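*Asks:* What follows is structure_38.cif, mmCIF, C-alpha atoms.
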```
data_input
#
loop_
_atom_site.label_atom_id
_atom_site.label_comp_id
_atom_site.auth_asym_id
_atom_site.auth_seq_id
_atom_site.Cartn_x
_atom_site.Cartn_y
_atom_site.Cartn_z
CA LEU A 1 5.13 29.98 6.87
CA VAL A 2 8.07 32.37 7.09
CA LYS A 3 7.23 33.13 10.75
CA LEU A 4 7.02 29.43 11.48
CA GLN A 5 10.33 28.72 9.78
CA GLN A 6 11.91 31.59 11.73
CA GLY A 7 10.69 30.20 15.09
CA ASP A 8 7.81 32.55 15.98
CA GLU A 9 6.52 31.24 19.34
CA GLY A 10 2.81 31.80 18.72
CA ASN A 11 2.86 30.11 15.33
CA ARG A 12 4.99 27.22 16.63
CA ALA A 13 2.57 26.59 19.51
CA LEU A 14 -0.37 26.34 17.09
CA TRP A 15 1.66 24.20 14.71
CA LYS A 16 2.61 21.79 17.51
CA ARG A 17 -1.05 21.48 18.54
CA PHE A 18 -2.09 20.71 14.94
CA ILE A 19 0.60 18.03 14.70
CA ASP A 20 -0.46 16.30 17.93
CA ILE A 21 -4.11 16.17 16.83
CA SER A 22 -3.22 14.98 13.32
CA ILE A 23 -0.81 12.22 14.38
CA GLY A 24 -3.32 11.01 16.98
CA GLU A 25 -5.92 10.56 14.22
CA PHE A 26 -3.40 9.07 11.78
CA GLU A 27 -2.34 6.45 14.33
CA ARG A 28 -5.96 5.58 15.12
CA MET A 29 -6.63 4.88 11.45
CA TYR A 30 -3.31 3.20 10.71
CA SER A 31 -3.72 0.83 13.66
CA LYS A 32 -6.89 -0.52 12.04
CA LEU A 33 -4.89 -1.27 8.90
CA GLY A 34 -1.94 -2.85 10.70
CA VAL A 35 0.42 -0.04 9.71
CA SER A 36 3.06 1.49 12.01
CA PHE A 37 5.97 3.89 11.59
CA ASP A 38 9.37 4.08 13.25
CA THR A 39 9.60 7.87 12.92
CA TYR A 40 7.40 10.86 12.12
CA ARG A 41 9.33 13.71 10.55
CA GLY A 42 7.47 16.59 9.01
CA GLU A 43 8.92 19.26 6.76
CA SER A 44 9.72 21.42 9.80
CA TYR A 45 12.21 18.83 11.08
CA TYR A 46 14.55 20.05 8.35
CA ASN A 47 14.14 23.80 9.00
CA ASP A 48 17.61 24.26 10.46
CA MET A 49 19.21 22.29 7.59
CA MET A 50 17.66 24.23 4.69
CA PRO A 51 19.92 27.35 4.87
CA GLY A 52 22.94 25.03 4.57
CA VAL A 53 21.44 23.35 1.48
CA VAL A 54 20.93 26.72 -0.20
CA LYS A 55 24.45 27.82 0.74
CA ARG A 56 25.95 24.71 -0.90
CA LEU A 57 23.85 25.30 -4.03
CA GLN A 58 25.25 28.82 -4.21
CA GLU A 59 28.82 27.64 -3.60
CA VAL A 60 28.70 25.32 -6.62
CA SER A 61 26.91 27.99 -8.71
CA LEU A 62 23.70 25.98 -9.03
CA ALA A 63 21.47 28.51 -7.25
CA VAL A 64 21.25 32.00 -8.78
CA GLU A 65 19.14 35.04 -7.93
CA SER A 66 16.04 35.74 -9.98
CA GLU A 67 13.55 38.47 -9.12
CA GLY A 68 14.60 38.37 -5.47
CA ALA A 69 14.35 34.59 -5.20
CA LEU A 70 17.05 31.93 -5.49
CA VAL A 71 16.46 29.39 -8.26
CA VAL A 72 18.15 26.46 -9.99
CA ASN A 73 17.81 26.64 -13.76
CA LEU A 74 17.05 23.20 -15.23
CA GLU A 75 15.74 24.37 -18.58
CA ASN A 76 18.52 22.55 -20.46
CA GLU A 77 16.95 19.33 -19.07
CA ASN A 78 13.44 20.49 -20.02
CA LEU A 79 12.59 20.71 -16.32
CA GLY A 80 12.06 24.45 -16.07
CA VAL A 81 13.20 26.46 -13.05
CA ALA A 82 13.14 25.22 -9.43
CA ILE A 83 12.83 27.79 -6.64
CA VAL A 84 14.93 26.94 -3.56
CA ARG A 85 14.37 30.15 -1.59
CA LYS A 86 11.45 32.48 -2.19
CA SER A 87 11.74 36.25 -2.42
CA ASP A 88 10.30 36.62 1.12
CA GLY A 89 13.07 34.38 2.52
CA GLY A 90 10.86 31.31 2.95
CA TYR A 91 11.82 27.83 1.78
CA ASN A 92 9.66 25.40 -0.16
CA TYR A 93 9.32 21.67 -0.79
CA THR A 94 12.32 21.50 -3.11
CA THR A 95 14.61 22.81 -0.37
CA SER A 96 13.14 20.63 2.39
CA ASP A 97 13.28 17.53 0.17
CA LEU A 98 16.97 18.18 -0.56
CA ALA A 99 17.63 18.59 3.17
CA CYS A 100 15.61 15.45 3.89
CA VAL A 101 17.54 13.26 1.46
CA GLU A 102 20.87 14.47 2.87
CA SER A 103 19.66 13.68 6.40
CA ARG A 104 18.43 10.21 5.46
CA VAL A 105 21.57 9.29 3.57
CA LYS A 106 23.68 10.33 6.54
CA GLU A 107 21.53 8.49 9.09
CA TYR A 108 20.52 5.31 7.22
CA GLN A 109 22.86 4.90 4.21
CA PRO A 110 19.96 3.51 2.15
CA GLU A 111 20.34 1.73 -1.18
CA ARG A 112 17.27 3.57 -2.47
CA MET A 113 14.48 5.86 -1.35
CA ILE A 114 10.96 5.47 -2.71
CA TYR A 115 8.49 8.36 -2.78
CA VAL A 116 4.80 7.60 -3.41
CA THR A 117 2.68 10.63 -4.31
CA ASP A 118 0.03 12.01 -6.64
CA ALA A 119 1.10 11.86 -10.30
CA ARG A 120 0.64 15.63 -10.57
CA GLN A 121 3.87 16.09 -8.59
CA GLN A 122 6.09 14.35 -11.14
CA LEU A 123 7.84 17.56 -12.28
CA HIS A 124 8.73 18.45 -8.70
CA PHE A 125 10.44 15.10 -8.14
CA LYS A 126 12.28 15.21 -11.45
CA GLN A 127 13.59 18.65 -10.54
CA TRP A 128 14.93 17.91 -7.10
CA PHE A 129 16.20 14.42 -8.04
CA SER A 130 18.32 16.20 -10.68
CA ILE A 131 19.54 18.80 -8.19
CA ALA A 132 20.37 16.12 -5.59
CA ALA A 133 22.49 14.26 -8.15
CA LYS A 134 24.34 17.50 -8.94
CA LEU A 135 25.07 17.87 -5.23
CA GLY A 136 26.65 14.41 -5.20
CA CYS A 137 23.80 12.17 -4.02
CA THR A 138 24.41 8.62 -5.30
CA THR A 139 21.49 6.93 -3.52
CA LYS A 140 18.85 5.75 -6.00
CA LEU A 141 15.82 8.04 -5.77
CA VAL A 142 12.54 6.65 -7.09
CA HIS A 143 9.21 8.41 -7.52
CA VAL A 144 6.17 6.13 -7.74
CA PRO A 145 3.25 8.28 -8.91
CA PHE A 146 -0.36 7.25 -8.42
CA GLY A 147 -3.36 8.30 -10.48
CA LEU A 148 -6.19 10.62 -9.59
CA MET A 149 -9.08 9.42 -7.47
CA SER A 150 -12.66 10.46 -8.07
CA PHE A 151 -15.93 9.66 -6.33
CA GLN A 152 -19.02 8.98 -8.42
CA GLY A 153 -17.42 10.60 -11.46
CA LYS A 154 -16.24 13.79 -9.70
CA ALA A 155 -12.69 14.57 -8.58
CA ILE A 156 -12.20 14.10 -4.85
CA SER A 157 -11.87 17.59 -3.39
CA THR A 158 -11.90 18.82 0.20
CA ARG A 159 -12.89 22.30 -0.97
CA GLU A 160 -15.95 21.04 -2.84
CA GLY A 161 -16.85 18.51 -0.16
CA ASN A 162 -16.67 15.58 -2.59
CA LEU A 163 -14.93 13.14 -0.28
CA VAL A 164 -14.68 9.51 0.66
CA ARG A 165 -13.43 9.47 4.24
CA LEU A 166 -11.28 6.46 5.09
CA ASP A 167 -12.95 6.14 8.48
CA GLU A 168 -16.37 5.90 6.81
CA LEU A 169 -15.08 3.52 4.14
CA LEU A 170 -13.64 1.11 6.70
CA SER A 171 -16.74 1.28 8.89
CA GLU A 172 -18.98 0.54 5.91
CA ALA A 173 -16.69 -2.32 4.88
CA VAL A 174 -16.93 -3.91 8.33
CA LYS A 175 -20.70 -3.34 8.45
CA ARG A 176 -21.26 -5.10 5.12
CA SER A 177 -18.87 -7.91 6.00
CA LEU A 178 -20.52 -8.43 9.38
CA ALA A 179 -23.93 -8.75 7.72
CA ILE A 180 -22.54 -11.56 5.55
CA VAL A 181 -20.74 -13.27 8.45
CA THR A 182 -23.81 -13.27 10.73
CA SER A 183 -26.16 -14.30 7.92
CA ARG A 184 -24.12 -17.49 7.59
CA ARG A 185 -24.97 -18.29 11.23
CA GLY A 186 -28.62 -18.44 10.19
CA SER A 187 -30.15 -16.92 13.32
CA GLU A 188 -31.63 -13.54 14.27
CA GLU A 189 -29.61 -13.52 17.48
CA ALA A 190 -26.31 -13.74 15.56
CA SER A 191 -27.35 -10.79 13.39
CA SER A 192 -28.53 -8.57 16.24
CA ASN A 193 -25.87 -9.53 18.76
CA PRO A 194 -22.68 -10.53 16.91
CA SER A 195 -19.91 -12.16 18.91
CA GLU A 196 -16.39 -10.70 19.27
CA GLU A 197 -15.22 -13.45 16.92
CA ASP A 198 -17.75 -12.38 14.28
CA ILE A 199 -16.71 -8.72 14.60
CA ARG A 200 -13.02 -9.61 14.33
CA LEU A 201 -13.71 -11.73 11.24
CA ALA A 202 -15.75 -8.90 9.70
CA GLU A 203 -12.81 -6.53 10.25
CA GLN A 204 -10.40 -8.93 8.58
CA ILE A 205 -12.72 -9.29 5.58
CA GLY A 206 -13.73 -5.62 5.35
CA TYR A 207 -10.23 -4.21 5.71
CA GLY A 208 -8.95 -6.84 3.27
CA ALA A 209 -11.56 -5.75 0.73
CA VAL A 210 -10.53 -2.09 0.96
CA LYS A 211 -6.80 -2.85 0.74
CA TYR A 212 -7.14 -5.22 -2.19
CA SER A 213 -9.45 -2.84 -4.04
CA ASP A 214 -6.67 -0.23 -3.94
CA LEU A 215 -3.59 -2.43 -4.39
CA SER A 216 -4.99 -4.49 -7.27
CA HIS A 217 -4.97 -1.42 -9.53
CA ASP A 218 -1.87 -0.29 -11.40
CA PRO A 219 -0.71 2.68 -9.26
CA ILE A 220 -0.81 5.15 -12.16
CA THR A 221 -4.41 4.25 -13.07
CA ASP A 222 -7.11 6.80 -12.30
CA ILE A 223 -9.72 5.29 -9.97
CA ASP A 224 -13.37 6.21 -9.59
CA VAL A 225 -14.31 5.06 -6.10
CA SER A 226 -17.68 3.45 -5.52
CA TRP A 227 -18.85 1.66 -2.41
CA ASP A 228 -19.82 -1.47 -4.33
CA LYS A 229 -16.49 -1.79 -6.16
CA ALA A 230 -14.37 -1.04 -3.11
CA LEU A 231 -16.29 -3.48 -0.94
CA ALA A 232 -16.89 -6.26 -3.46
CA LEU A 233 -16.94 -9.62 -1.71
CA ASP A 234 -16.70 -11.77 -4.84
CA GLY A 235 -14.84 -11.80 -8.17
CA ASN A 236 -11.34 -10.32 -8.20
CA SER A 237 -11.41 -9.13 -4.60
CA GLY A 238 -9.69 -9.57 -1.26
CA PRO A 239 -12.62 -11.49 0.29
CA TYR A 240 -12.66 -13.92 -2.66
CA LEU A 241 -9.01 -14.77 -1.99
CA GLN A 242 -9.56 -14.96 1.77
CA TYR A 243 -12.44 -17.36 1.19
CA ALA A 244 -10.26 -19.48 -1.10
CA TYR A 245 -7.72 -19.77 1.71
CA ALA A 246 -10.42 -20.65 4.27
CA ARG A 247 -11.73 -23.40 1.98
CA VAL A 248 -8.34 -25.01 1.47
CA ASN A 249 -7.64 -24.73 5.21
CA SER A 250 -10.92 -26.53 5.90
CA LEU A 251 -9.96 -29.25 3.42
CA MET A 252 -6.60 -29.78 5.12
CA GLU A 253 -8.22 -30.00 8.56
CA LYS A 254 -10.75 -32.53 7.26
CA ALA A 255 -7.92 -34.60 5.79
CA GLY A 256 -5.84 -34.31 8.98
CA VAL A 257 -2.90 -32.74 7.12
CA SER A 258 -1.02 -29.71 8.47
CA GLY A 259 1.17 -28.83 5.49
CA VAL A 260 3.21 -30.08 2.57
CA GLU A 261 4.46 -33.58 3.39
CA GLY A 262 6.33 -34.70 0.29
CA ALA A 263 5.89 -34.54 -3.47
CA PHE A 264 2.75 -33.33 -5.21
CA SER A 265 0.95 -34.81 -8.19
CA VAL A 266 1.14 -33.35 -11.72
CA GLU A 267 -0.53 -36.13 -13.69
CA GLU A 268 -3.67 -34.25 -14.72
CA SER A 269 -3.51 -31.06 -16.79
CA SER A 270 -5.23 -29.05 -14.02
CA GLU A 271 -2.61 -30.27 -11.54
CA ARG A 272 0.23 -29.37 -13.86
CA SER A 273 -1.15 -25.88 -14.54
CA LEU A 274 -1.58 -25.17 -10.83
CA ALA A 275 1.85 -26.57 -9.91
CA LEU A 276 3.64 -24.47 -12.54
CA GLN A 277 1.72 -21.39 -11.40
CA LEU A 278 2.71 -21.95 -7.76
CA LEU A 279 6.36 -22.19 -8.73
CA GLU A 280 6.05 -18.68 -10.20
CA PHE A 281 5.32 -17.14 -6.77
CA PRO A 282 8.87 -15.93 -5.95
CA GLY A 283 9.14 -14.36 -9.40
CA ALA A 284 5.81 -12.57 -8.99
CA VAL A 285 6.94 -11.06 -5.69
CA VAL A 286 10.23 -9.86 -7.21
CA ARG A 287 8.49 -8.40 -10.29
CA ALA A 288 6.03 -6.52 -8.11
CA ALA A 289 8.87 -5.11 -6.00
CA GLU A 290 11.06 -4.13 -8.94
CA ALA A 291 8.18 -2.42 -10.75
CA TYR A 292 6.81 -0.85 -7.53
CA LYS A 293 3.41 -2.33 -8.42
CA PRO A 294 1.58 -4.44 -5.80
CA SER A 295 -1.01 -5.00 -8.56
CA ILE A 296 1.35 -7.52 -10.19
CA LEU A 297 1.23 -9.70 -7.07
CA ALA A 298 -2.54 -9.20 -6.73
CA ASP A 299 -3.08 -10.35 -10.32
CA TYR A 300 -0.87 -13.39 -9.73
CA LEU A 301 -2.80 -14.41 -6.60
CA PHE A 302 -6.18 -14.07 -8.33
CA GLN A 303 -5.03 -16.14 -11.31
CA THR A 304 -3.62 -18.77 -8.93
CA ALA A 305 -6.89 -18.96 -7.01
CA GLN A 306 -8.79 -19.47 -10.25
CA LEU A 307 -6.45 -22.31 -11.28
CA TYR A 308 -6.91 -23.91 -7.86
CA SER A 309 -10.69 -23.68 -8.18
CA SER A 310 -10.54 -25.37 -11.59
CA PHE A 311 -8.24 -28.07 -10.21
CA TYR A 312 -10.47 -28.76 -7.20
CA GLN A 313 -13.66 -28.91 -9.25
CA ASN A 314 -12.23 -31.27 -11.88
CA THR A 315 -9.88 -33.43 -9.83
CA PRO A 316 -10.97 -35.63 -6.89
CA VAL A 317 -8.78 -35.15 -3.83
CA LEU A 318 -10.13 -36.87 -0.72
CA LYS A 319 -11.74 -39.71 -2.68
CA SER A 320 -8.59 -40.63 -4.61
CA ASP A 321 -6.44 -43.66 -3.82
CA GLU A 322 -4.07 -43.16 -0.86
CA GLU A 323 -0.91 -42.25 -2.83
CA THR A 324 -2.74 -39.88 -5.21
CA ARG A 325 -4.70 -38.40 -2.30
CA ARG A 326 -1.51 -37.55 -0.41
CA ALA A 327 0.13 -36.02 -3.48
CA ARG A 328 -2.93 -33.88 -4.28
CA LEU A 329 -3.25 -32.74 -0.68
CA ASN A 330 0.37 -31.60 -0.87
CA LEU A 331 -0.54 -29.48 -3.89
CA CYS A 332 -3.49 -28.02 -1.98
CA ALA A 333 -1.27 -27.28 1.03
CA LEU A 334 1.27 -25.52 -1.18
CA PHE A 335 -1.50 -23.41 -2.70
CA GLY A 336 -2.69 -22.40 0.78
CA SER A 337 0.83 -21.45 1.83
CA VAL A 338 1.44 -19.35 -1.29
CA LEU A 339 -1.93 -17.60 -0.99
CA SER A 340 -1.40 -16.79 2.69
CA LYS A 341 2.12 -15.44 2.16
CA GLY A 342 1.10 -13.49 -0.92
CA LEU A 343 -1.83 -11.80 0.83
CA SER A 344 0.44 -11.08 3.81
CA CYS A 345 2.76 -9.19 1.43
CA LEU A 346 -0.25 -7.01 0.58
CA GLY A 347 -1.05 -6.48 4.26
CA ILE A 348 -4.18 -8.67 4.09
CA GLU A 349 -4.96 -11.23 6.81
CA THR A 350 -6.08 -14.77 6.05
CA PRO A 351 -8.63 -16.06 8.58
CA LYS A 352 -8.76 -19.85 8.79
CA ARG A 353 -12.56 -19.88 8.78
CA ILE A 354 -15.14 -17.68 7.07
#
```
Let me see the structure of the file written as structure tokens.
*Replies:*
Amino acid sequence: LVKLQQGDEGNRALWKRFIDISIGEFERMYSKLGVSFDTYRGESYYNDMMPGVVKRLQEVSLAVESEGALVVNLENENLGVAIVRKSDGGYNYTTSDLACVESRVKEYQPERMIYVTDARQQLHFKQWFSIAAKLGCTTKLVHVPFGLMSFQGKAISTREGNLVRLDELLSEAVKRSLAIVTSRRGSEEASSNPSEEDIRLAEQIGYGAVKYSDLSHDPITDIDVSWDKALALDGNSGPYLQYAYARVNSLMEKAGVSGVEGAFSVEESSERSLALQLLEFPGAVVRAAEAYKPSILADYLFQTAQLYSSFYQNTPVLKSDEETRRARLNLCALFGSVLSKGLSCLGIETPKRI
């Protein structure tokens, strides 16, 4: 690490090769999930800035020498001691994070910066957030910790080989979804030779299942991953919500209605409950954002879908008189719009047909 930070040519050549391979794989996986980034900046991007950070810490008497290393003592805040330069002259995450926040503030002037990491890193973030504030950083720094993940009751560990590879998880999700999609066609040919449309639909369902399985949990909750839970296609799952959208879309097509075209009906109790729930959508989005918990929005969407199901089962829509029919279709259209936008916020697509 010290050689790399000091610019050793051999180490830098290897490091550059590792980065190219890694980013190539990251982008391949992220493209499947509809995720893209404007910039990639690893810790090394801040190498030249870290000596300046340490110098400023020394100038304001925050960094002091201890056993050959430079440290910031935060014991009066019950945060222990943070090393900013090791005894061998190398820098660590605290130093690079301080350099990173200075660089981002200068370049972007953000209102806040949100860091999402393993909950076991909470002390690290508390330490350097405190140091950054002492150096004059006024940007709001937020750490959103997530819980531990295990697989079949054992902690996920690369060293022990107890892993769930994302590539395998997504492939299995698409495989299971494709089996369901082709089985609905009711022919052996569809199952053995699926069309491009079937494969695309299976990807939308499978990827939606994986995303929803993760995002519907409170971030801090420990999760034991199982194939069946992650890829559930019914109950509180992404596919259940996608199917609810496809059903309401089919209803609107059958009725020849493209969207909300006026007032909606709230005469029956099921109509009133659904209408009030739909009006809560903006608040659910804001609460999820303010709490840094996509699970709040996921819970809202599932509850809304259940209310719609109850409404549709107990309240005639297409067979009502013309005025009531139009008003109830407006309520259905509003539900479809809210469900589609809500799932989009979670990065989940809503196919029109399943």
*Asks:* Expand the PyMOL selection byres ((chain A and resi 181) around 10) into the explicit residue set it covers here, and present it as a ChimeraX atom specification.
*Replies:* /A:175-180,182-186,190-191,194,198-199,201-202,205,354
*Asks:* Write the selection just made, keeping C-alpha atoms, as an mmCIF file, in the coordinates of the input?
*Replies:*
```
data_model
loop_
_atom_site.group_PDB
_atom_site.id
_atom_site.type_symbol
_atom_site.label_atom_id
_atom_site.label_comp_id
_atom_site.auth_asym_id
_atom_site.auth_seq_id
_atom_site.Cartn_x
_atom_site.Cartn_y
_atom_site.Cartn_z
ATOM 1 C CA LYS A 175 -20.700 -3.340 8.450
ATOM 2 C CA ARG A 176 -21.260 -5.100 5.120
ATOM 3 C CA SER A 177 -18.870 -7.910 6.000
ATOM 4 C CA LEU A 178 -20.520 -8.430 9.380
ATOM 5 C CA ALA A 179 -23.930 -8.750 7.720
ATOM 6 C CA ILE A 180 -22.540 -11.560 5.550
ATOM 7 C CA THR A 182 -23.810 -13.270 10.730
ATOM 8 C CA SER A 183 -26.160 -14.300 7.920
ATOM 9 C CA ARG A 184 -24.120 -17.490 7.590
ATOM 10 C CA ARG A 185 -24.970 -18.290 11.230
ATOM 11 C CA GLY A 186 -28.620 -18.440 10.190
ATOM 12 C CA ALA A 190 -26.310 -13.740 15.560
ATOM 13 C CA SER A 191 -27.350 -10.790 13.390
ATOM 14 C CA PRO A 194 -22.680 -10.530 16.910
ATOM 15 C CA ASP A 198 -17.750 -12.380 14.280
ATOM 16 C CA ILE A 199 -16.710 -8.720 14.600
ATOM 17 C CA LEU A 201 -13.710 -11.730 11.240
ATOM 18 C CA ALA A 202 -15.750 -8.900 9.700
ATOM 19 C CA ILE A 205 -12.720 -9.290 5.580
ATOM 20 C CA ILE A 354 -15.140 -17.680 7.070
#
```
*Asks:* So that I can see what lies close to Leu163 in chain A, please list as a PyMOL selection string the residues with an atom at most 9 Å from it, counting only C-alpha atoms and leaving out residues fewer than 5 positions away in the same chain.
*Replies:* chain A and resi 150-151+155-158
*Asks:* Taking the file as shown, find all residues satisfying the PyMOL selection byres ((chain A and resi 281) around 10) and write them as a ChimeraX atom specification.
*Replies:* /A:276-280,282-287,297,300-301,304,338-339,341-342
*Asks:* With the PyMOL selection byres ((chain A and resi 172) around 12) as the selection, what would be picked from this file? Answer as a list in words, please.
*Replies:*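 Expected selection for the PyMOL selection byres ((chain A and resi 172) around 12) here is Val164, Arg165, Leu166, Asp167, Glu168, Leu169, Leu170, Ser171, Ala173, Val174, Lys175, Arg176, Ser177, Leu178, Ala179, Ala202, Glu203, Ile205, Gly206, Tyr207, Ala209, Val210, Ser226, Trp227, Asp228, Ala230, Leu231 and Ala232 of chain A.
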*Asks:* Calculated over all atoms listed in the file, which of the candidates A:Met29, A:Ala133, A:Ala289, A:Val266 has the smallest distance to Leu62 in chain A?
*Replies:*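 Closest residue, counting all atoms listed in the file: A:Ala133.
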*Asks:* Taking (-8.7, -15.3, 4.2) in the file's coordinates, which residues come within 12 Å, counting all atoms listed in the file, written as JSON, numbers by chain?
*Replies:* {"A": [201, 202, 203, 204, 205, 206, 207, 208, 209, 233, 237, 238, 239, 240, 241, 242, 243, 244, 245, 246, 247, 248, 249, 250, 305, 336, 337, 339, 340, 341, 342, 343, 344, 347, 348, 349, 350, 351, 352, 353, 354]}
*Asks:* Between CA of Ser103 in chain A and CA of Leu135 in chain A, what is the distance in Å, rounded to a tenth?
*Replies:*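 So the answer is 13.5 Å.
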*Asks:* Neighbouring residues of Ala69 in chain A were defined as those with any atom within 9 Å, considering all atoms listed in the file; residues of the same chain fewer than 6 positions away were excluded. Please report them as an mmCIF file with C-alpha atoms, keeping the file's coordinate frame.
*Replies:*
```
data_model
loop_
_atom_site.group_PDB
_atom_site.id
_atom_site.type_symbol
_atom_site.label_atom_id
_atom_site.label_comp_id
_atom_site.auth_asym_id
_atom_site.auth_seq_id
_atom_site.Cartn_x
_atom_site.Cartn_y
_atom_site.Cartn_z
ATOM 1 C CA ILE A 83 12.830 27.790 -6.640
ATOM 2 C CA VAL A 84 14.930 26.940 -3.560
ATOM 3 C CA ARG A 85 14.370 30.150 -1.590
ATOM 4 C CA LYS A 86 11.450 32.480 -2.190
ATOM 5 C CA SER A 87 11.740 36.250 -2.420
ATOM 6 C CA ASP A 88 10.300 36.620 1.120
ATOM 7 C CA GLY A 89 13.070 34.380 2.520
#
```
*Asks:* I'd like the interatomic distance between CA of Thr221 in chain A and CA of Ile114 in chain A, to a tenth of an Å.
*Replies:*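 Distance reported for this atom pair: 18.6 Å.
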*Asks:* Select, from A:Phe311, A:Glu43, A:Glu253, A:Glu261, the residue with the minimum atom-to-atom distance to Trp15 in chain A, counting all atoms listed in the file.
*Replies:* A:Glu43
*Asks:* Find the spatial neighbours of Tyr93 in chain A, counting only C-alpha atoms, within a cut-off of 12 Å - ignore same-chain residues fewer than 2 positions away - and output them as a list in words.
*Replies:*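 With the cut-off at 12 Å, the set is Gly42, Glu43, Ser44, Tyr46, Asn47, Met50, Ala82, Ile83, Val84, Arg85, Lys86, Gly90, Tyr91, Thr95, Ser96, Asp97, Leu98, Ala99, Cys100, Val101, Gln121, His124, Phe125, Gln127 and Trp128 of chain A.
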*Asks:* From the list A:Arg112, A:Arg159, A:Arg104, A:Lys154, which residue is nearest Thr138 in chain A when using only C-alpha atoms?
*Replies:* A:Arg112
*Asks:* Just checking: using all atoms listed in the file, which residue out of A:Thr117, A:Ser61, A:Asn11, A:Asn330 ends up closest to Pro219 in chain A?
*Replies:*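 Counting all atoms listed in the file, the residue closest to Pro219 in chain A is A:Thr117.
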*Asks:* Looking at A:Ile223, A:Leu79, A:Met49, A:Leu74, which one is nearest to Gly147 in chain A, with distances taken over all atoms listed in the file?
*Replies:* A:Ile223
*Asks:* Hey, what's within 9 Å of Met252 in chain A if we count all atoms listed in the file and toss same-chain stuff fewer than 5 positions away? As a PDB file with C-alpha atoms, in the frame of the given file, please?
*Replies:*
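File produced: result.pdb:
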```pdb
ATOM      1  CA  ARG A 247     -11.730 -23.400   1.980  1.00  0.00           C
ATOM      2  CA  VAL A 257      -2.900 -32.740   7.120  1.00  0.00           C
ATOM      3  CA  SER A 258      -1.020 -29.710   8.470  1.00  0.00           C
ATOM      4  CA  GLY A 259       1.170 -28.830   5.490  1.00  0.00           C
ATOM      5  CA  LEU A 329      -3.250 -32.740  -0.680  1.00  0.00           C
ATOM      6  CA  CYS A 332      -3.490 -28.020  -1.980  1.00  0.00           C
ATOM      7  CA  ALA A 333      -1.270 -27.280   1.030  1.00  0.00           C
TER       8      ALA A 333
END
```
*Asks:* In Å to one decimal, how far is CA of Glu65 in chain A from CA of Gln6 in chain A?
*Replies:* 21.2 Å
*Asks:* Restricting the calculation to only C-alpha atoms: of A:Asn76, A:Thr94, A:Ser195, A:Thr139, which residue gets closest to Pro110 in chain A?
*Replies:* A:Thr139
*Asks:* Counting only C-alpha atoms, what are the residues of range 197-291 of chain A within 10 Å of range 316-323 of chain A, and for each of them which pair of atoms is the nearest and at what distance in Å, to one decimal? Sort the table by chain and rising number, as CSV.
*Replies:*
```
residue,atom,partner,partner_atom,distance
A:Leu251,CA,A:Leu318,CA,8.7
A:Met252,CA,A:Leu318,CA,9.8
A:Lys254,CA,A:Leu318,CA,9.1
A:Ala255,CA,A:Leu318,CA,7.2
A:Phe264,CA,A:Glu323,CA,9.9
A:Ser265,CA,A:Glu323,CA,9.4
```
*Asks:* Write the residues of the preceding selection, restricted to C-alpha atoms, as a PDB file, in the coordinates of the input.
*Replies:*
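Listing of selection_15.pdb after writing:
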```pdb
ATOM      1  CA  LEU A 251      -9.960 -29.250   3.420  1.00  0.00           C
ATOM      2  CA  MET A 252      -6.600 -29.780   5.120  1.00  0.00           C
ATOM      3  CA  LYS A 254     -10.750 -32.530   7.260  1.00  0.00           C
ATOM      4  CA  ALA A 255      -7.920 -34.600   5.790  1.00  0.00           C
ATOM      5  CA  PHE A 264       2.750 -33.330  -5.210  1.00  0.00           C
ATOM      6  CA  SER A 265       0.950 -34.810  -8.190  1.00  0.00           C
TER       7      SER A 265
END
```
